[in-house]
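Engineer: Got final.cif for you, mmCIF, C-alpha atoms and all ligand atoms; chains and numbers go by the auth columns:
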```cif
data_my_file
loop_
_atom_site.group_PDB
_atom_site.id
_atom_site.type_symbol
_atom_site.label_atom_id
_atom_site.label_comp_id
_atom_site.label_asym_id
_atom_site.label_seq_id
_atom_site.Cartn_x
_atom_site.Cartn_y
_atom_site.Cartn_z
_atom_site.B_iso_or_equiv
_atom_site.auth_seq_id
_atom_site.auth_asym_id
ATOM 1 C CA MET A 1 -4.002 -17.208 10.836 0.00 1033 I
ATOM 2 C CA ALA A 2 -0.841 -18.379 12.516 0.00 1034 I
ATOM 3 C CA LEU A 3 -0.070 -14.961 14.018 0.00 1035 I
ATOM 4 C CA TRP A 4 -3.488 -14.695 15.638 0.00 1036 I
ATOM 5 C CA SER A 5 -3.079 -18.080 17.288 0.00 1037 I
ATOM 6 C CA ASP A 6 -0.105 -16.719 19.245 0.00 1038 I
ATOM 7 C CA PRO A 7 -1.783 -14.055 21.413 0.00 1039 I
ATOM 8 C CA GLU A 8 1.448 -12.719 22.911 0.00 1040 I
ATOM 9 C CA ARG A 9 3.133 -12.319 19.526 0.00 1041 I
ATOM 10 C CA TRP A 10 -0.007 -10.744 18.063 0.00 1042 I
ATOM 11 C CA HIS A 11 -0.272 -8.346 21.013 0.00 1043 I
ATOM 12 C CA ARG A 12 3.340 -7.223 20.529 0.00 1044 I
ATOM 13 C CA LEU A 13 2.748 -6.669 16.794 0.00 1045 I
ATOM 14 C CA ARG A 14 -0.482 -4.741 17.419 0.00 1046 I
ATOM 15 C CA GLU A 15 1.096 -2.532 20.057 0.00 1047 I
ATOM 16 C CA GLY A 16 4.037 -1.734 17.777 0.00 1048 I
ATOM 17 C CA LEU A 17 6.536 -3.394 20.119 0.00 1049 I
ATOM 18 C CA ASP A 18 7.745 -5.796 17.417 0.00 1050 I
ATOM 19 C CA CYS A 19 6.462 -3.955 14.337 0.00 1051 I
ATOM 20 C CA PRO A 20 8.855 -4.516 11.424 0.00 1052 I
ATOM 21 C CA ILE A 21 7.880 -1.168 9.870 0.00 1053 I
ATOM 22 C CA CYS A 22 8.454 0.810 13.076 0.00 1054 I
ATOM 23 C CA ASP A 23 11.625 -1.140 13.851 0.00 1055 I
ATOM 24 C CA ARG A 24 13.067 -0.017 10.485 0.00 1056 I
ATOM 25 C CA GLY A 25 11.795 3.536 10.981 0.00 1057 I
ATOM 26 C CA ARG A 26 9.910 3.438 7.681 0.00 1058 I
ATOM 27 C CA PRO A 27 8.591 0.838 5.243 0.00 1059 I
ATOM 28 C CA ARG A 28 10.654 -0.666 2.444 0.00 1060 I
ATOM 29 C CA ASP A 29 10.441 0.676 -1.130 0.00 1061 I
ATOM 30 C CA VAL A 30 9.369 4.235 -0.260 0.00 1062 I
ATOM 31 C CA VAL A 31 8.933 6.291 -3.451 0.00 1063 I
ATOM 32 C CA ALA A 32 7.133 9.348 -2.037 0.00 1064 I
ATOM 33 C CA GLU A 33 6.043 10.894 1.220 0.00 1065 I
ATOM 34 C CA LEU A 34 2.656 12.486 1.895 0.00 1066 I
ATOM 35 C CA GLU A 35 1.414 14.275 5.022 0.00 1067 I
ATOM 36 C CA THR A 36 0.518 11.215 7.094 0.00 1068 I
ATOM 37 C CA ALA A 37 1.903 8.345 5.068 0.00 1069 I
ATOM 38 C CA TYR A 38 4.639 6.946 2.889 0.00 1070 I
ATOM 39 C CA VAL A 39 3.907 5.722 -0.617 0.00 1071 I
ATOM 40 C CA THR A 40 5.666 2.484 -1.458 0.00 1072 I
ATOM 41 C CA ALA A 41 5.963 0.744 -4.808 0.00 1073 I
ATOM 42 C CA THR A 42 8.006 -2.093 -6.215 0.00 1074 I
ATOM 43 C CA GLU A 43 8.887 -3.408 -9.627 0.00 1075 I
ATOM 44 C CA GLN A 44 7.824 -6.846 -8.355 0.00 1076 I
ATOM 45 C CA ALA A 45 4.160 -5.914 -8.626 0.00 1077 I
ATOM 46 C CA CYS A 46 1.197 -7.922 -9.837 0.00 1078 I
ATOM 47 C CA LEU A 47 -0.406 -4.946 -11.589 0.00 1079 I
ATOM 48 C CA PHE A 48 1.054 -1.865 -13.273 0.00 1080 I
ATOM 49 C CA GLY A 49 0.860 1.061 -10.850 0.00 1081 I
ATOM 50 C CA TYR A 50 0.443 -0.986 -7.673 0.00 1082 I
ATOM 51 C CA CYS A 51 1.198 1.169 -4.625 0.00 1083 I
ATOM 52 C CA CYS A 52 0.823 0.945 -0.897 0.00 1084 I
ATOM 53 C CA LEU A 53 0.044 3.852 1.414 0.00 1085 I
ATOM 54 C CA VAL A 54 1.656 3.220 4.813 0.00 1086 I
ATOM 55 C CA LEU A 55 0.841 5.369 7.846 0.00 1087 I
ATOM 56 C CA LYS A 56 3.999 7.055 9.173 0.00 1088 I
ATOM 57 C CA ARG A 57 3.258 6.292 12.799 0.00 1089 I
ATOM 58 C CA HIS A 58 2.018 3.065 14.318 0.00 1090 I
ATOM 59 C CA ALA A 59 -1.744 2.535 14.399 0.00 1091 I
ATOM 60 C CA VAL A 60 -3.767 -0.548 13.592 0.00 1092 I
ATOM 61 C CA GLU A 61 -7.361 0.448 12.906 0.00 1093 I
ATOM 62 C CA LEU A 62 -8.627 3.668 11.353 0.00 1094 I
ATOM 63 C CA HIS A 63 -11.129 4.170 14.181 0.00 1095 I
ATOM 64 C CA GLU A 64 -8.320 4.123 16.754 0.00 1096 I
ATOM 65 C CA MET A 65 -6.803 7.301 15.290 0.00 1097 I
ATOM 66 C CA PRO A 66 -7.852 10.823 16.236 0.00 1098 I
ATOM 67 C CA GLU A 67 -10.467 12.132 13.806 0.00 1099 I
ATOM 68 C CA GLY A 68 -8.198 14.775 12.286 0.00 1100 I
ATOM 69 C CA GLU A 69 -5.389 12.303 11.649 0.00 1101 I
ATOM 70 C CA ALA A 70 -7.762 9.711 10.204 0.00 1102 I
ATOM 71 C CA GLY A 71 -9.198 12.376 7.916 0.00 1103 I
ATOM 72 C CA ALA A 72 -5.726 13.448 6.815 0.00 1104 I
ATOM 73 C CA PHE A 73 -4.863 9.823 6.026 0.00 1105 I
ATOM 74 C CA MET A 74 -7.981 9.568 3.867 0.00 1106 I
ATOM 75 C CA LEU A 75 -6.973 12.761 2.050 0.00 1107 I
ATOM 76 C CA ASP A 76 -3.557 11.216 1.374 0.00 1108 I
ATOM 77 C CA LEU A 77 -5.336 8.153 0.040 0.00 1109 I
ATOM 78 C CA ARG A 78 -7.438 10.407 -2.182 0.00 1110 I
ATOM 79 C CA GLU A 79 -4.348 12.226 -3.492 0.00 1111 I
ATOM 80 C CA LEU A 80 -2.579 8.966 -4.312 0.00 1112 I
ATOM 81 C CA SER A 81 -5.737 7.633 -5.949 0.00 1113 I
ATOM 82 C CA ARG A 82 -5.974 10.671 -8.218 0.00 1114 I
ATOM 83 C CA ALA A 83 -2.284 10.479 -9.139 0.00 1115 I
ATOM 84 C CA VAL A 84 -2.335 6.766 -9.979 0.00 1116 I
ATOM 85 C CA GLN A 85 -5.546 7.137 -11.991 0.00 1117 I
ATOM 86 C CA GLU A 86 -3.975 9.954 -13.990 0.00 1118 I
ATOM 87 C CA ILE A 87 -0.824 7.951 -14.751 0.00 1119 I
ATOM 88 C CA THR A 88 -2.316 4.535 -15.415 0.00 1120 I
ATOM 89 C CA GLY A 89 -5.696 5.264 -16.983 0.00 1121 I
ATOM 90 C CA ALA A 90 -6.984 2.246 -15.033 0.00 1122 I
ATOM 91 C CA VAL A 91 -10.635 1.303 -15.539 0.00 1123 I
ATOM 92 C CA LYS A 92 -10.998 0.879 -11.744 0.00 1124 I
ATOM 93 C CA LEU A 93 -8.878 1.400 -8.646 0.00 1125 I
ATOM 94 C CA ASN A 94 -9.188 -1.288 -5.975 0.00 1126 I
ATOM 95 C CA TRP A 95 -8.200 -0.416 -2.402 0.00 1127 I
ATOM 96 C CA GLU A 96 -7.548 -3.106 0.172 0.00 1128 I
ATOM 97 C CA ILE A 97 -6.809 -2.619 3.866 0.00 1129 I
ATOM 98 C CA HIS A 98 -5.934 -5.809 5.740 0.00 1130 I
ATOM 99 C CA GLY A 99 -3.002 -5.799 8.168 0.00 1131 I
ATOM 100 C CA ASN A 100 -3.364 -9.494 8.942 0.00 1132 I
ATOM 101 C CA THR A 101 0.375 -10.086 8.784 0.00 1133 I
ATOM 102 C CA ILE A 102 1.706 -6.646 9.728 0.00 1134 I
ATOM 103 C CA PRO A 103 -0.905 -4.801 11.806 0.00 1135 I
ATOM 104 C CA HIS A 104 0.446 -1.339 10.994 0.00 1136 I
ATOM 105 C CA LEU A 105 -2.154 0.628 9.026 0.00 1137 I
ATOM 106 C CA HIS A 106 -1.538 0.425 5.295 0.00 1138 I
ATOM 107 C CA ALA A 107 -3.748 0.482 2.221 0.00 1139 I
ATOM 108 C CA HIS A 108 -2.939 -1.412 -0.980 0.00 1140 I
ATOM 109 C CA LEU A 109 -3.878 0.211 -4.280 0.00 1141 I
ATOM 110 C CA PHE A 110 -4.423 -2.120 -7.224 0.00 1142 I
ATOM 111 C CA PRO A 111 -5.148 -0.396 -10.556 0.00 1143 I
ATOM 112 C CA ARG A 112 -7.355 -2.648 -12.702 0.00 1144 I
ATOM 113 C CA TYR A 113 -7.339 -2.967 -16.490 0.00 1145 I
ATOM 114 C CA VAL A 114 -9.454 -4.598 -19.145 0.00 1146 I
ATOM 115 C CA GLY A 115 -8.093 -8.141 -19.507 0.00 1147 I
ATOM 116 C CA ASP A 116 -5.705 -7.927 -16.540 0.00 1148 I
ATOM 117 C CA ARG A 117 -4.533 -11.199 -15.015 0.00 1149 I
ATOM 118 C CA PHE A 118 -7.139 -11.020 -12.249 0.00 1150 I
ATOM 119 C CA GLU A 119 -10.182 -10.303 -14.347 0.00 1151 I
ATOM 120 C CA ARG A 120 -13.095 -12.381 -12.994 0.00 1152 I
ATOM 121 C CA ARG A 121 -11.168 -13.544 -9.907 0.00 1153 I
ATOM 122 C CA PRO A 122 -9.651 -12.122 -6.705 0.00 1154 I
ATOM 123 C CA ILE A 123 -6.347 -10.283 -6.831 0.00 1155 I
ATOM 124 C CA ASP A 124 -3.419 -12.393 -5.675 0.00 1156 I
ATOM 125 C CA PRO A 125 -0.511 -10.004 -4.949 0.00 1157 I
ATOM 126 C CA ARG A 126 1.937 -12.934 -4.927 0.00 1158 I
ATOM 127 C CA GLU A 127 1.511 -13.349 -8.686 0.00 1159 I
ATOM 128 C CA VAL A 128 4.277 -11.015 -9.766 0.00 1160 I
ATOM 129 C CA GLU A 129 5.538 -13.023 -12.757 0.00 1161 I
ATOM 130 C CA PRO A 130 5.622 -11.921 -15.475 0.00 1162 I
ATOM 131 C CA SER A 131 6.434 -8.437 -14.221 0.00 1163 I
ATOM 132 C CA ALA A 132 3.786 -5.792 -14.658 0.00 1164 I
ATOM 133 C CA TYR A 133 6.599 -3.546 -15.907 0.00 1165 I
ATOM 134 C CA GLY A 134 8.623 -3.754 -19.085 0.00 1166 I
ATOM 135 C CA PRO A 135 12.228 -2.527 -19.142 0.00 1167 I
ATOM 136 C CA GLY A 136 12.463 1.001 -17.719 0.00 1168 I
ATOM 137 C CA ARG A 137 8.726 1.285 -17.098 0.00 1169 I
ATOM 138 C CA PHE A 138 8.949 1.089 -13.322 0.00 1170 I
ATOM 139 C CA ASP A 139 11.417 3.975 -13.108 0.00 1171 I
ATOM 140 C CA ARG A 140 9.154 5.949 -15.430 0.00 1172 I
ATOM 141 C CA PHE A 141 6.115 5.156 -13.278 0.00 1173 I
ATOM 142 C CA VAL A 142 7.920 6.337 -10.127 0.00 1174 I
ATOM 143 C CA ALA A 143 9.013 9.555 -11.846 0.00 1175 I
ATOM 144 C CA ASP A 144 5.473 10.175 -13.083 0.00 1176 I
ATOM 145 C CA LEU A 145 4.051 9.433 -9.639 0.00 1177 I
ATOM 146 C CA ARG A 146 6.406 11.877 -7.924 0.00 1178 I
ATOM 147 C CA GLN A 147 5.514 14.519 -10.497 0.00 1179 I
ATOM 148 C CA GLN A 148 1.770 13.906 -10.062 0.00 1180 I
ATOM 149 C CA LEU A 149 2.141 14.143 -6.303 0.00 1181 I
ATOM 150 C CA GLY A 150 4.068 17.391 -6.673 0.00 1182 I
ATOM 151 C CA ARG A 151 7.185 15.834 -5.258 0.00 1183 I
ATOM 152 C CA ALA A 152 9.425 15.490 -8.308 0.00 1184 I
HETATM 153 ZN ZN ZN B . 4.338 -0.071 13.231 0.00 1201 I
#
```
In structure tokens, write the structure found in this file.

Structural biologist:
Amino acid sequence: MALWSDPERWHRLREGLDCPICDRGRPRDVVAELETAYVTATEQACLFGYCCLVLKRHAVELHEMPEGEAGAFMLDLRELSRAVQEITGAVKLNWEIHGNTIPHLHAHLFPRYVGDRFERRPIDPREVEPSAYGPGRFDRFVADLRQQLGRA
């Protein structure tokens, strides 16, 4: 990883001194807000219903957060999971937490479907063509998500 080979740069990212999310005040593509985190989504997604749950404040690892806050983040994750399952009818929900590029705690949610483009291989979030959304479907997904989360 190029970022890890530059200890000073990595330190500044980890500490939130040069965090692109904190610098902007919030992540890009916010579609909803939960107690501890923002929900982001984009039409340029590799799977229908892809979302990301981004902690509102800067933290890197779950174990570095106070227990109550970490628990609240997991409850937000649970709420988003339920909402996306309800909307998409996915056969499985895959969660991924990395932070290798932006070490600001965030969890990717990839709904999986029978015959989806990643069946029998790892998910590659860069494969966004063709779009997972037909015309108007992304706006509908966002509206459904806000309704499911009680934030319509
Ligand atoms: Zn940050």

Engineer: Measuring between only C-alpha atoms and all ligand atoms, which one of I:Arg1041, I:His1095, I:His1138, I:Arg1110 shows the shortest distance to ligand ZN 1201 (chain I)?

Structural biologist: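 Nearest candidate to ligand ZN 1201 (chain I) out of I:Arg1041, I:His1095, I:His1138, I:Arg1110: I:His1138.
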
Engineer: Within 8 Å of ligand ZN 1201 (chain I), which residues show up when you count all atoms listed in the file? List them as a VMD selection string, please.

Structural biologist: chain I and resid 1045 to 1055 1089 to 1091 1134 to 1137

Engineer: Listed atoms of range 1076-1080 of chain I, axis-aligned box, 8 Å per side: centre and edge lengths to one decimal in Å, as lines of an AutoDock Vina configuration file?

Structural biologist:
```
center_x = 3.7
center_y = -4.9
center_z = -10.8
size_x = 24.2
size_y = 22.1
size_z = 20.9
```

Engineer: Extract, using only C-alpha atoms, all DNA, RNA and protein residues at most 9 Å from range 1116-1132 of chain I, discarding same-chain residues fewer than 6 positions from it, and format them as a compact mmCIF listing (two decimals) with C-alpha atoms, in the frame of the given file.

Structural biologist:
```
# COMPACT_ATOMS: atom_id res chain seq x y z
CA MET I 1033 -4.00 -17.21 10.84
CA LEU I 1035 -0.07 -14.96 14.02
CA TRP I 1036 -3.49 -14.70 15.64
CA PHE I 1080 1.05 -1.86 -13.27
CA GLY I 1081 0.86 1.06 -10.85
CA TYR I 1082 0.44 -0.99 -7.67
CA CYS I 1083 1.20 1.17 -4.62
CA VAL I 1092 -3.77 -0.55 13.59
CA GLU I 1093 -7.36 0.45 12.91
CA HIS I 1138 -1.54 0.42 5.30
CA ALA I 1139 -3.75 0.48 2.22
CA HIS I 1140 -2.94 -1.41 -0.98
CA LEU I 1141 -3.88 0.21 -4.28
CA PHE I 1142 -4.42 -2.12 -7.22
CA PRO I 1143 -5.15 -0.40 -10.56
CA ARG I 1144 -7.36 -2.65 -12.70
CA TYR I 1145 -7.34 -2.97 -16.49
CA VAL I 1146 -9.45 -4.60 -19.14
CA PHE I 1173 6.12 5.16 -13.28
CA ASP I 1176 5.47 10.18 -13.08
CA LEU I 1177 4.05 9.43 -9.64
CA GLN I 1180 1.77 13.91 -10.06
```

Engineer: Point out the residue among I:Asp1061, I:Glu1075, I:Ser1113, I:Asp1156 with the least atom-to-atom distance to Asp1171 in chain I, counting all atoms listed in the file.

Structural biologist: I:Glu1075

Engineer: In terms of the shortest atom-to-atom distance over all atoms listed in the file, which of I:Arg1149, I:Thr1068, I:Gly1182, I:Glu1096 is closest to Glu1161 in chain I?

Structural biologist: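 That would be I:Arg1149, the residue with the smallest distance to Glu1161 in chain I.
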
Engineer: Given the point (-0.1, 9.1, -3.0) in the file's coordinates, find the residues that have an atom at most 9 Å from it, counting all atoms listed in the file, and give them as a PyMOL selection string.

Structural biologist: chain I and resi 1064-1066+1069-1072+1083-1085+1108-1116+1177-1178+1180-1181

Engineer: When you count all atoms listed in the file, which of these residues is closest to Ala1164 in chain I: I:Glu1040, I:Arg1056, I:Leu1107, I:Ala1077?

Structural biologist: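 Under the stated criterion, the closest residue is I:Ala1077.
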
Engineer: Pick the closest to Met1106 in chain I from I:Ser1037, I:Leu1087, I:Gly1166, I:Val1174: which is it, counting all atoms listed in the file?

Structural biologist: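 For Met1106 in chain I, the nearest of the given residues is I:Leu1087.
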
Engineer: Can you measure CA of Ser1163 in chain I to CA of Gly1057 in chain I for me? One decimal in Å is fine.

Structural biologist: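 Interatomic distance here is 28.4 Å.
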
Engineer: In Å, rounded to a single decimal, give me how far CA of Ile1155 in chain I is from CA of Phe1105 in chain I.

Structural biologist: 23.9 Å

Engineer: Taking only C-alpha atoms into account, name the residue in I:Leu1094, I:Gln1076, I:Pro1039, I:Arg1058 that is nearest to Arg1158 in chain I.

Structural biologist: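 Counting only C-alpha atoms, the residue closest to Arg1158 in chain I is I:Gln1076.
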
Engineer: One number please: CA of Pro1154 in chain I to CA of Ala1104 in chain I, in Å, one decimal.

Structural biologist: 29.2 Å

Engineer: Rebuild N, CA and C atoms on range 1063-1099 of chain I, as a compact mmCIF listing (two decimals), keeping the file's coordinate frame?

Structural biologist:
```
# COMPACT_ATOMS: atom_id res chain seq x y z
N VAL I 1063 8.70 5.50 -2.24
CA VAL I 1063 8.93 6.29 -3.45
C VAL I 1063 8.44 7.73 -3.29
N ALA I 1064 7.62 7.98 -2.28
CA ALA I 1064 7.13 9.35 -2.04
C ALA I 1064 6.64 9.43 -0.60
N GLU I 1065 6.50 10.66 -0.14
CA GLU I 1065 6.04 10.89 1.22
C GLU I 1065 4.91 11.90 1.18
N LEU I 1066 3.79 11.57 1.80
CA LEU I 1066 2.66 12.49 1.90
C LEU I 1066 2.56 12.96 3.34
N GLU I 1067 1.49 13.68 3.69
CA GLU I 1067 1.41 14.28 5.02
C GLU I 1067 1.46 13.23 6.13
N THR I 1068 0.62 12.20 6.01
CA THR I 1068 0.52 11.22 7.09
C THR I 1068 1.16 9.89 6.76
N ALA I 1069 1.53 9.69 5.50
CA ALA I 1069 1.90 8.35 5.07
C ALA I 1069 3.01 8.35 4.02
N TYR I 1070 3.68 7.20 3.96
CA TYR I 1070 4.64 6.95 2.89
C TYR I 1070 3.93 6.22 1.76
N VAL I 1071 4.37 6.48 0.54
CA VAL I 1071 3.91 5.72 -0.62
C VAL I 1071 5.01 4.75 -0.98
N THR I 1072 4.68 3.47 -1.05
CA THR I 1072 5.67 2.48 -1.46
C THR I 1072 5.24 1.87 -2.78
N ALA I 1073 6.22 1.43 -3.55
CA ALA I 1073 5.96 0.74 -4.81
C ALA I 1073 7.17 -0.13 -5.11
N THR I 1074 6.93 -1.18 -5.86
CA THR I 1074 8.01 -2.09 -6.22
C THR I 1074 7.81 -2.59 -7.64
N GLU I 1075 8.95 -2.86 -8.27
CA GLU I 1075 8.89 -3.41 -9.63
C GLU I 1075 8.29 -4.81 -9.62
N GLN I 1076 8.40 -5.50 -8.48
CA GLN I 1076 7.82 -6.85 -8.36
C GLN I 1076 6.34 -6.73 -7.99
N ALA I 1077 5.57 -6.18 -8.88
CA ALA I 1077 4.16 -5.91 -8.63
C ALA I 1077 3.28 -6.75 -9.55
N CYS I 1078 2.11 -7.09 -9.05
CA CYS I 1078 1.20 -7.92 -9.84
C CYS I 1078 0.39 -7.11 -10.85
N LEU I 1079 0.33 -5.80 -10.66
CA LEU I 1079 -0.41 -4.95 -11.59
C LEU I 1079 0.37 -3.64 -11.78
N PHE I 1080 0.37 -3.12 -12.99
CA PHE I 1080 1.05 -1.86 -13.27
C PHE I 1080 0.45 -0.76 -12.39
N GLY I 1081 1.31 -0.06 -11.68
CA GLY I 1081 0.86 1.06 -10.85
C GLY I 1081 0.50 0.68 -9.43
N TYR I 1082 0.73 -0.58 -9.06
CA TYR I 1082 0.44 -0.99 -7.67
C TYR I 1082 1.24 -0.11 -6.71
N CYS I 1083 0.56 0.37 -5.67
CA CYS I 1083 1.20 1.17 -4.62
C CYS I 1083 0.64 0.74 -3.28
N CYS I 1084 1.33 1.15 -2.24
CA CYS I 1084 0.82 0.94 -0.90
C CYS I 1084 1.01 2.25 -0.13
N LEU I 1085 -0.01 2.65 0.59
CA LEU I 1085 0.04 3.85 1.41
C LEU I 1085 0.20 3.39 2.86
N VAL I 1086 1.32 3.73 3.48
CA VAL I 1086 1.66 3.22 4.81
C VAL I 1086 1.71 4.38 5.81
N LEU I 1087 0.87 4.32 6.82
CA LEU I 1087 0.84 5.37 7.85
C LEU I 1087 2.24 5.55 8.45
N LYS I 1088 2.65 6.80 8.65
CA LYS I 1088 4.00 7.06 9.17
C LYS I 1088 4.16 6.56 10.60
N ARG I 1089 3.13 6.74 11.40
CA ARG I 1089 3.26 6.29 12.80
C ARG I 1089 2.50 4.97 12.97
N HIS I 1090 2.68 4.35 14.11
CA HIS I 1090 2.02 3.06 14.32
C HIS I 1090 0.58 3.25 14.76
N ALA I 1091 -0.33 2.66 14.02
CA ALA I 1091 -1.74 2.54 14.40
C ALA I 1091 -2.23 1.30 13.67
N VAL I 1092 -3.27 0.69 14.19
CA VAL I 1092 -3.77 -0.55 13.59
C VAL I 1092 -5.07 -0.30 12.83
N GLU I 1093 -6.05 0.24 13.53
CA GLU I 1093 -7.36 0.45 12.91
C GLU I 1093 -7.61 1.94 12.71
N LEU I 1094 -8.31 2.27 11.66
CA LEU I 1094 -8.63 3.67 11.35
C LEU I 1094 -9.39 4.32 12.51
N HIS I 1095 -10.30 3.58 13.12
CA HIS I 1095 -11.13 4.17 14.18
C HIS I 1095 -10.35 4.41 15.48
N GLU I 1096 -9.14 3.90 15.56
CA GLU I 1096 -8.32 4.12 16.75
C GLU I 1096 -7.51 5.43 16.66
N MET I 1097 -7.55 6.06 15.49
CA MET I 1097 -6.80 7.30 15.29
C MET I 1097 -7.69 8.49 15.63
N PRO I 1098 -7.06 9.60 16.06
CA PRO I 1098 -7.85 10.82 16.24
C PRO I 1098 -8.52 11.21 14.90
N GLU I 1099 -9.68 11.82 15.00
CA GLU I 1099 -10.47 12.13 13.81
C GLU I 1099 -9.68 12.93 12.77
```
